[in-house]
>>> print(open('upload-v4.txt').read())   # compact mmCIF, C-alpha atoms and all ligand atoms
# COMPACT_ATOMS: atom_id res chain seq x y z
CA MET A 1 -10.82 -12.93 2.61
CA ILE A 2 -8.00 -11.88 0.26
CA LYS A 3 -4.82 -13.89 0.80
CA ARG A 4 -1.79 -11.67 1.16
CA GLY A 5 0.89 -11.43 -1.51
CA LEU A 6 4.44 -12.71 -1.09
CA PHE A 7 7.53 -10.51 -0.88
CA ILE A 8 10.18 -12.21 -3.00
CA LEU A 9 13.64 -10.66 -3.14
CA PHE A 10 16.69 -11.13 -5.37
CA GLU A 11 20.10 -10.23 -3.97
CA GLY A 12 23.70 -10.56 -5.09
CA VAL A 13 26.66 -8.58 -6.39
CA ASP A 14 26.61 -6.69 -9.69
CA ARG A 15 25.89 -8.65 -12.91
CA VAL A 16 24.94 -12.01 -11.42
CA GLY A 17 21.63 -11.85 -13.33
CA LYS A 18 19.17 -10.50 -10.75
CA SER A 19 17.12 -8.35 -13.14
CA THR A 20 16.96 -11.20 -15.66
CA GLN A 21 15.61 -13.57 -13.00
CA VAL A 22 13.22 -10.98 -11.52
CA GLN A 23 11.60 -10.77 -14.94
CA ALA A 24 11.47 -14.55 -15.36
CA LEU A 25 9.87 -15.14 -11.96
CA THR A 26 7.39 -12.30 -12.45
CA ASN A 27 6.33 -13.93 -15.74
CA HIS A 28 6.04 -17.31 -14.08
CA ILE A 29 3.87 -16.00 -11.24
CA SER A 30 1.53 -14.09 -13.52
CA ASN A 31 1.40 -16.34 -16.60
CA VAL A 32 1.81 -19.83 -15.17
CA GLN A 33 0.42 -19.47 -11.66
CA LYS A 34 -2.08 -16.80 -12.82
CA LEU A 35 -1.51 -14.72 -9.69
CA GLN A 36 -1.38 -10.94 -9.34
CA THR A 37 2.27 -9.81 -9.35
CA LYS A 38 4.42 -6.73 -9.69
CA SER A 39 8.17 -6.19 -9.89
CA LEU A 40 10.02 -3.43 -8.04
CA ARG A 41 13.66 -2.42 -7.89
CA PHE A 42 15.95 -0.57 -5.51
CA PRO A 43 17.29 1.97 -5.89
CA ASP A 44 14.03 3.30 -7.32
CA ARG A 45 15.65 5.94 -9.50
CA THR A 46 12.31 7.61 -10.36
CA THR A 47 11.81 9.46 -7.05
CA PRO A 48 13.64 12.69 -6.11
CA ILE A 49 15.84 10.72 -3.67
CA GLY A 50 16.41 8.07 -6.35
CA GLN A 51 17.57 10.73 -8.79
CA ILE A 52 20.29 11.88 -6.40
CA ILE A 53 21.39 8.25 -5.97
CA ASN A 54 21.40 7.80 -9.75
CA GLN A 55 23.68 10.79 -10.24
CA TYR A 56 26.08 9.36 -7.70
CA LEU A 57 26.08 5.90 -9.32
CA GLN A 58 26.79 7.39 -12.70
CA ASN A 59 29.83 9.12 -11.24
CA ALA A 60 28.28 12.53 -11.75
CA THR A 61 28.44 13.57 -8.06
CA ASN A 62 30.47 12.78 -4.96
CA MET A 63 28.97 12.29 -1.54
CA ASP A 64 29.84 11.28 1.99
CA ASP A 65 29.47 7.48 2.30
CA ARG A 66 27.11 7.66 5.28
CA ALA A 67 24.95 10.35 3.71
CA LEU A 68 24.65 8.12 0.63
CA HIS A 69 23.79 5.11 2.79
CA LEU A 70 20.95 7.05 4.40
CA LEU A 71 19.62 8.05 0.98
CA PHE A 72 19.54 4.42 -0.18
CA SER A 73 17.73 3.55 3.04
CA SER A 74 15.28 6.48 2.68
CA ASN A 75 14.56 5.28 -0.83
CA ARG A 76 13.24 2.05 0.73
CA TRP A 77 11.36 3.79 3.56
CA GLU A 78 9.54 6.00 1.06
CA ALA A 79 8.30 2.79 -0.63
CA ARG A 80 7.21 1.10 2.61
CA ASP A 81 3.53 2.04 2.55
CA SER A 82 3.06 1.07 -1.07
CA ILE A 83 4.85 -2.27 -0.50
CA LEU A 84 2.53 -3.08 2.42
CA GLU A 85 -0.51 -2.00 0.45
CA LEU A 86 0.40 -4.27 -2.46
CA LEU A 87 1.04 -7.25 -0.18
CA ASN A 88 -2.14 -6.71 1.83
CA ASN A 89 -4.17 -6.44 -1.38
CA GLY A 90 -2.89 -9.84 -2.47
CA THR A 91 -0.27 -8.74 -4.99
CA ASN A 92 2.98 -10.69 -4.99
CA ILE A 93 6.02 -8.47 -5.34
CA VAL A 94 9.30 -9.54 -6.90
CA VAL A 95 12.00 -7.12 -5.82
CA ASP A 96 15.42 -6.44 -7.35
CA ARG A 97 17.78 -5.56 -4.40
CA TYR A 98 16.72 -4.26 -0.95
CA SER A 99 18.17 -3.71 2.51
CA TYR A 100 20.85 -6.40 2.16
CA SER A 101 22.36 -4.59 -0.81
CA GLY A 102 22.31 -1.45 1.29
CA VAL A 103 24.21 -3.11 4.12
CA ALA A 104 26.63 -5.12 1.98
CA TYR A 105 27.73 -2.25 -0.25
CA SER A 106 28.12 0.27 2.58
CA ALA A 107 29.86 -2.18 4.94
CA ALA A 108 32.24 -3.07 2.08
CA LYS A 109 33.33 0.58 2.12
CA GLY A 110 34.28 0.19 5.77
CA ILE A 111 31.17 1.58 7.49
CA ASP A 112 30.19 -0.27 10.67
CA PHE A 113 27.90 -3.22 9.83
CA ASP A 114 25.46 -2.68 12.73
CA TRP A 115 25.16 1.02 11.97
CA CYS A 116 24.31 0.14 8.37
CA TYR A 117 21.72 -2.43 9.41
CA ALA A 118 20.05 -0.18 12.00
CA CYS A 119 18.55 2.07 9.31
CA GLU A 120 16.71 -0.91 7.82
CA LYS A 121 15.04 -2.07 11.03
CA GLY A 122 11.25 -2.00 10.82
CA LEU A 123 10.98 -2.25 7.02
CA PRO A 124 8.77 -5.04 5.61
CA LYS A 125 10.67 -8.30 5.66
CA PRO A 126 11.10 -10.41 2.52
CA ASP A 127 9.50 -13.86 2.71
CA LEU A 128 11.98 -15.52 0.40
CA ILE A 129 15.36 -14.29 -0.78
CA PHE A 130 17.12 -15.70 -3.83
CA TYR A 131 20.82 -15.02 -3.44
CA LEU A 132 22.49 -15.39 -6.83
CA THR A 133 26.15 -16.20 -6.62
CA MET A 134 29.11 -16.93 -8.92
CA SER A 135 32.80 -16.08 -8.97
CA SER A 136 33.45 -12.33 -9.14
CA GLU A 137 35.85 -12.93 -12.05
CA ASP A 138 33.12 -14.58 -14.12
CA ALA A 139 30.60 -11.86 -13.23
CA THR A 140 32.95 -9.20 -14.65
CA LYS A 141 32.70 -10.93 -18.05
CA ARG A 142 28.95 -10.28 -18.22
CA GLY A 143 27.44 -7.64 -20.54
CA GLU A 144 28.01 -3.92 -19.86
CA TYR A 145 30.18 -4.58 -16.82
CA GLY A 146 32.22 -1.67 -15.55
CA GLY A 147 29.83 1.13 -16.50
CA GLU A 148 28.87 2.11 -12.98
CA ARG A 149 30.74 3.27 -9.97
CA TYR A 150 30.92 0.02 -8.00
CA GLU A 151 31.84 -2.31 -10.82
CA LYS A 152 35.46 -2.92 -9.83
CA LEU A 153 36.71 -6.43 -9.12
CA ASP A 154 38.25 -5.94 -5.65
CA PHE A 155 35.23 -4.07 -4.35
CA GLN A 156 32.87 -6.71 -5.76
CA LYS A 157 34.83 -9.41 -3.93
CA LYS A 158 34.45 -7.54 -0.65
CA ILE A 159 30.71 -7.18 -1.13
CA LYS A 160 30.40 -10.90 -1.92
CA GLN A 161 32.28 -11.72 1.28
CA ILE A 162 29.94 -9.60 3.42
CA TYR A 163 26.86 -11.17 1.87
CA GLU A 164 28.16 -14.67 2.38
CA GLU A 165 29.71 -14.29 5.83
CA LYS A 166 27.24 -11.92 7.48
CA LEU A 167 23.92 -11.83 5.66
CA VAL A 168 22.99 -15.09 3.95
CA ASP A 169 21.54 -17.73 6.34
CA GLN A 170 23.96 -20.44 7.28
CA PRO A 171 23.19 -23.49 5.08
CA ASN A 172 22.00 -25.70 7.94
CA SER A 173 20.36 -23.10 10.13
CA LYS A 174 16.63 -23.51 10.81
CA GLN A 175 15.79 -20.32 8.98
CA THR A 176 15.32 -20.99 5.29
CA THR A 177 14.51 -17.52 4.04
CA TRP A 178 17.62 -17.41 1.86
CA LYS A 179 17.96 -19.69 -1.14
CA ILE A 180 21.47 -19.85 -2.53
CA ILE A 181 21.37 -20.08 -6.31
CA ASN A 182 24.32 -20.93 -8.54
CA ALA A 183 24.13 -18.08 -11.06
CA ASN A 184 26.78 -19.43 -13.42
CA ARG A 185 24.40 -21.55 -15.49
CA PRO A 186 22.10 -21.00 -18.47
CA ILE A 187 19.28 -18.51 -17.75
CA ASP A 188 16.51 -21.12 -18.16
CA GLU A 189 18.11 -23.60 -15.83
CA ILE A 190 18.28 -20.95 -13.10
CA SER A 191 14.73 -19.69 -13.66
CA ASN A 192 13.32 -23.24 -13.60
CA GLU A 193 14.94 -23.89 -10.24
CA ILE A 194 13.65 -20.58 -8.85
CA SER A 195 10.10 -21.12 -10.15
CA SER A 196 9.88 -24.54 -8.59
CA ILE A 197 11.09 -23.22 -5.21
CA PHE A 198 8.41 -20.52 -5.43
CA ASP A 199 5.73 -23.10 -6.30
CA SER A 200 6.64 -25.37 -3.42
CA GLU A 201 6.83 -22.63 -0.76
CA PHE A 202 4.02 -20.35 -1.90
CA LYS A 203 1.11 -21.75 0.14
CA ASN A 204 3.08 -22.07 3.35
CA ILE A 205 4.34 -18.50 3.28
CA GLN A 206 0.93 -17.08 2.40
CA SER A 207 -0.55 -18.26 5.68
CA SER A 208 2.14 -16.52 7.77
CA PRO A 209 2.01 -12.82 8.68
CA ILE A 210 4.17 -10.19 6.96
CA GLY A 211 7.35 -9.77 9.01
CA LYS A 212 9.53 -6.79 9.88
CA LEU A 213 13.30 -6.44 9.57
N1 LIG B 1 23.30 -0.31 -4.15
C1 LIG B 1 21.99 -0.68 -4.27
C2 LIG B 1 23.81 0.18 -2.94
O1 LIG B 1 24.99 0.51 -2.83
N2 LIG B 1 22.97 0.30 -1.85
C3 LIG B 1 21.65 -0.05 -1.93
O2 LIG B 1 20.92 0.10 -0.92
C4 LIG B 1 21.13 -0.56 -3.19
C5 LIG B 1 19.68 -0.94 -3.33
C6 LIG B 1 22.84 -0.15 -8.62
C7 LIG B 1 23.99 -0.14 -7.66
O3 LIG B 1 23.57 0.36 -6.40
C8 LIG B 1 24.17 -0.38 -5.34
C9 LIG B 1 24.34 -1.75 -5.93
C10 LIG B 1 24.62 -1.49 -7.39
O4 LIG B 1 26.02 -1.35 -7.59
P1 LIG B 1 21.22 -1.86 -9.75
O5 LIG B 1 20.40 -0.77 -10.36
O6 LIG B 1 20.51 -3.05 -9.25
O7 LIG B 1 22.04 -1.30 -8.51
O8 LIG B 1 22.36 -2.32 -10.74
P2 LIG B 1 22.20 -2.83 -12.21
O9 LIG B 1 23.38 -2.30 -12.90
O10 LIG B 1 20.85 -2.61 -12.78
O11 LIG B 1 22.18 -4.42 -12.07
P3 LIG B 1 23.34 -5.39 -11.76
O12 LIG B 1 24.64 -4.88 -12.22
O13 LIG B 1 23.24 -5.73 -10.33
O14 LIG B 1 23.02 -6.64 -12.70
P4 LIG B 1 22.01 -7.87 -12.48
O15 LIG B 1 20.62 -7.37 -12.36
O16 LIG B 1 22.50 -8.78 -11.43
O17 LIG B 1 22.20 -8.65 -13.85
P5 LIG B 1 21.31 -8.60 -15.19
O18 LIG B 1 20.19 -9.51 -15.08
O19 LIG B 1 21.08 -7.19 -15.55
O20 LIG B 1 22.36 -9.28 -16.17
C11 LIG B 1 23.63 -8.68 -16.47
C12 LIG B 1 24.10 -9.17 -17.86
O21 LIG B 1 24.34 -10.58 -17.84
C13 LIG B 1 23.46 -11.27 -18.74
C14 LIG B 1 22.35 -10.29 -19.05
O22 LIG B 1 21.78 -10.54 -20.30
C15 LIG B 1 23.06 -8.95 -18.97
O23 LIG B 1 23.77 -8.68 -20.16
N3 LIG B 1 23.00 -12.51 -18.04
C16 LIG B 1 23.53 -13.73 -18.25
N4 LIG B 1 24.50 -14.16 -19.07
C17 LIG B 1 24.81 -15.49 -19.03
N5 LIG B 1 24.18 -16.39 -18.19
C18 LIG B 1 23.20 -16.00 -17.37
N6 LIG B 1 22.60 -16.91 -16.55
C19 LIG B 1 22.85 -14.60 -17.36
N7 LIG B 1 21.93 -13.89 -16.67
C20 LIG B 1 22.05 -12.61 -17.08
NA NA B 2 20.02 -5.17 -12.41
>>> encode(input="upload-v4.txt", output="structure tokens")
Amino acid sequence: MIKRGLFILFEGVDRVGKSTQVQALTNHISNVQKLQTKSLRFPDRTTPIGQIINQYLQNATNMDDRALHLLFSSNRWEARDSILELLNNGTNIVVDRYSYSGVAYSAAKGIDFDWCYACEKGLPKPDLIFYLTMSSEDATKRGEYGGERYEKLDFQKKIKQIYEEKLVDQPNSKQTTWKIINANRPIDEISNEISSIFDSEFKNIQSSPIGKL
């Protein structure tokens, strides 16, 4: 019987190094562990819904905040079947942002947290979430910061607060889905820590069923 793939997610505010680490972990899983793996990102800007989101992010269009939230959520729902198919066929997926970004960014604009979360209920649940974190001031010093709509310091601080107070598991809770990673270190140091967490949890997770949000 084929063993299912793992759903690994990276979350965090803008510029903490998610895409960099998604690539590093994907390489580790395929080249070191020799396992089937694929990386995905949200928003997926290649679909028709993703193109509308892209225009908004590049400041080309304005939109009602709730309408935008529903588009971000739809952009995940339209990927649901292919995510499940990959996992059930034994492919590990390493994902750059998902439902928690959706909730954190919309709630930071003042939309009701539970309303934001409701749209995500029923989507495939990540097995392991790497939450990359560093001070918002230091993140603003990273390359190309400020190009997109949300890259403003005060807003980034609000998003960070929502992640850390309402989304990330409490450090000593029994649930250990979230791994808090200090992102203000050299790239290799971070990726080594993440790879070894993956290696030590891989087998355990594989024998559990795919969950739902
Ligand atoms: N959004 C998203 C919502 O509002 N709702 C949603 O539902 C979703 C899914 C686009 C925006 O959409 C919002 C959130 C976002 O504002 P995006 O496409 O993920 O989301 O945004 P990007 O601009 O692609 O990515 P980020 O800004 O989030 O950056 P990353 O991926 O965290 O950082 P990365 O790896 O690209 O690195 C940034 C820079 O820092 C350097 C890199 O080389 C790069 O120059 N760097 C480091 N430098 C020093 N030390 C390290 N350890 C470093 N790691 C990386
Ligand atoms: Na990115």
>>> residues_around(input="upload-v4.txt", residues="Val95 of chain A", least_positions_apart="2", cutoff="6 Å", atoms="only C-alpha atoms", output="ChimeraX atom specification")
/A:9,39-41
>>> closest_atom_pairs(input="upload-v4.txt", of="chain A", to="ligand LIG 1 (chain B)", cutoff="6 Å", atoms="all atoms listed in the file", output="Markdown table")
| residue | atom | partner | partner_atom | distance |
| --- | --- | --- | --- | --- |
| A:Val13 | CA | B:LIG1 | O13 | 5.9 |
| A:Asp14 | CA | B:LIG1 | O13 | 3.6 |
| A:Arg15 | CA | B:LIG1 | O14 | 3.5 |
| A:Val16 | CA | B:LIG1 | O16 | 4.0 |
| A:Gly17 | CA | B:LIG1 | O18 | 3.3 |
| A:Lys18 | CA | B:LIG1 | O15 | 3.8 |
| A:Ser19 | CA | B:LIG1 | O15 | 3.7 |
| A:Thr20 | CA | B:LIG1 | O18 | 3.7 |
| A:Phe42 | CA | B:LIG1 | C5 | 4.3 |
| A:Pro43 | CA | B:LIG1 | C5 | 4.6 |
| A:Phe72 | CA | B:LIG1 | O2 | 4.6 |
| A:Arg97 | CA | B:LIG1 | C5 | 5.1 |
| A:Tyr98 | CA | B:LIG1 | C5 | 5.0 |
| A:Ser99 | CA | B:LIG1 | O2 | 5.8 |
| A:Ser101 | CA | B:LIG1 | C3 | 4.7 |
| A:Gly102 | CA | B:LIG1 | O2 | 3.0 |
| A:Tyr105 | CA | B:LIG1 | O1 | 4.7 |
| A:Arg142 | CA | B:LIG1 | O21 | 4.6 |
| A:Gly143 | CA | B:LIG1 | O23 | 3.8 |
| A:Tyr150 | CA | B:LIG1 | O4 | 5.1 |
| A:Ala183 | CA | B:LIG1 | N6 | 5.8 |
| A:Asn184 | CA | B:LIG1 | N6 | 5.8 |
| A:Arg185 | CA | B:LIG1 | N6 | 5.1 |
| A:Pro186 | CA | B:LIG1 | N6 | 4.5 |
| A:Ile187 | CA | B:LIG1 | N6 | 3.9 |
>>> closest_residue(input="upload-v4.txt", among="A:Val168, A:Ile181, A:Ala60, A:Met134", to="Glu193 of chain A", atoms="only C-alpha atoms")
A:Ile181
>>> closest_residue(input="upload-v4.txt", among="A:Ser73, A:Asn27, A:Ser196, A:Thr47", to="Tyr117 of chain A", atoms="all atoms listed in the file")
A:Ser73
>>> atom_distance(input="upload-v4.txt", atom1="atom CA of Lys3 of chain A", atom2="atom CA of Glu78 of chain A")
24.5 Å
>>> closest_residue(input="upload-v4.txt", among="A:Leu132, A:Ile49, A:Leu86, A:Ile159", to="ligand NA 2 (chain B)", atoms="all atoms listed in the file")
A:Leu132
>>> atom_distance(input="upload-v4.txt", atom1="atom CA of Pro124 of chain A", atom2="atom CA of Lys212 of chain A")
4.7 Å
>>> closest_residue(input="upload-v4.txt", among="A:Asp114, A:Asp127, A:Glu137, A:Asp65", to="Leu87 of chain A", atoms="only C-alpha atoms")
A:Asp127
>>> residues_around(input="upload-v4.txt", residues="Val94 of chain A", least_positions_apart="4", cutoff="9 Å", atoms="only C-alpha atoms", output="ChimeraX atom specification")
/A:6-10,22-23,25-26,37-41
>>> write_last_selection(input="upload-v4.txt", atoms="C-alpha atoms", output="compact mmCIF listing (two decimals), in the frame of the given file")
# COMPACT_ATOMS: atom_id res chain seq x y z
CA LEU A 6 4.44 -12.71 -1.09
CA PHE A 7 7.53 -10.51 -0.88
CA ILE A 8 10.18 -12.21 -3.00
CA LEU A 9 13.64 -10.66 -3.14
CA PHE A 10 16.69 -11.13 -5.37
CA VAL A 22 13.22 -10.98 -11.52
CA GLN A 23 11.60 -10.77 -14.94
CA LEU A 25 9.87 -15.14 -11.96
CA THR A 26 7.39 -12.30 -12.45
CA THR A 37 2.27 -9.81 -9.35
CA LYS A 38 4.42 -6.73 -9.69
CA SER A 39 8.17 -6.19 -9.89
CA LEU A 40 10.02 -3.43 -8.04
CA ARG A 41 13.66 -2.42 -7.89
>>> closest_residue(input="upload-v4.txt", among="A:Met1, A:Ile83, A:Gln206, A:Glu144", to="ligand NA 2 (chain B)", atoms="only C-alpha atoms and all ligand atoms")
A:Glu144
>>> closest_residue(input="upload-v4.txt", among="A:Asn62, A:Cys119, A:Phe198, A:Asn89", to="Leu213 of chain A", atoms="all atoms listed in the file")
A:Cys119
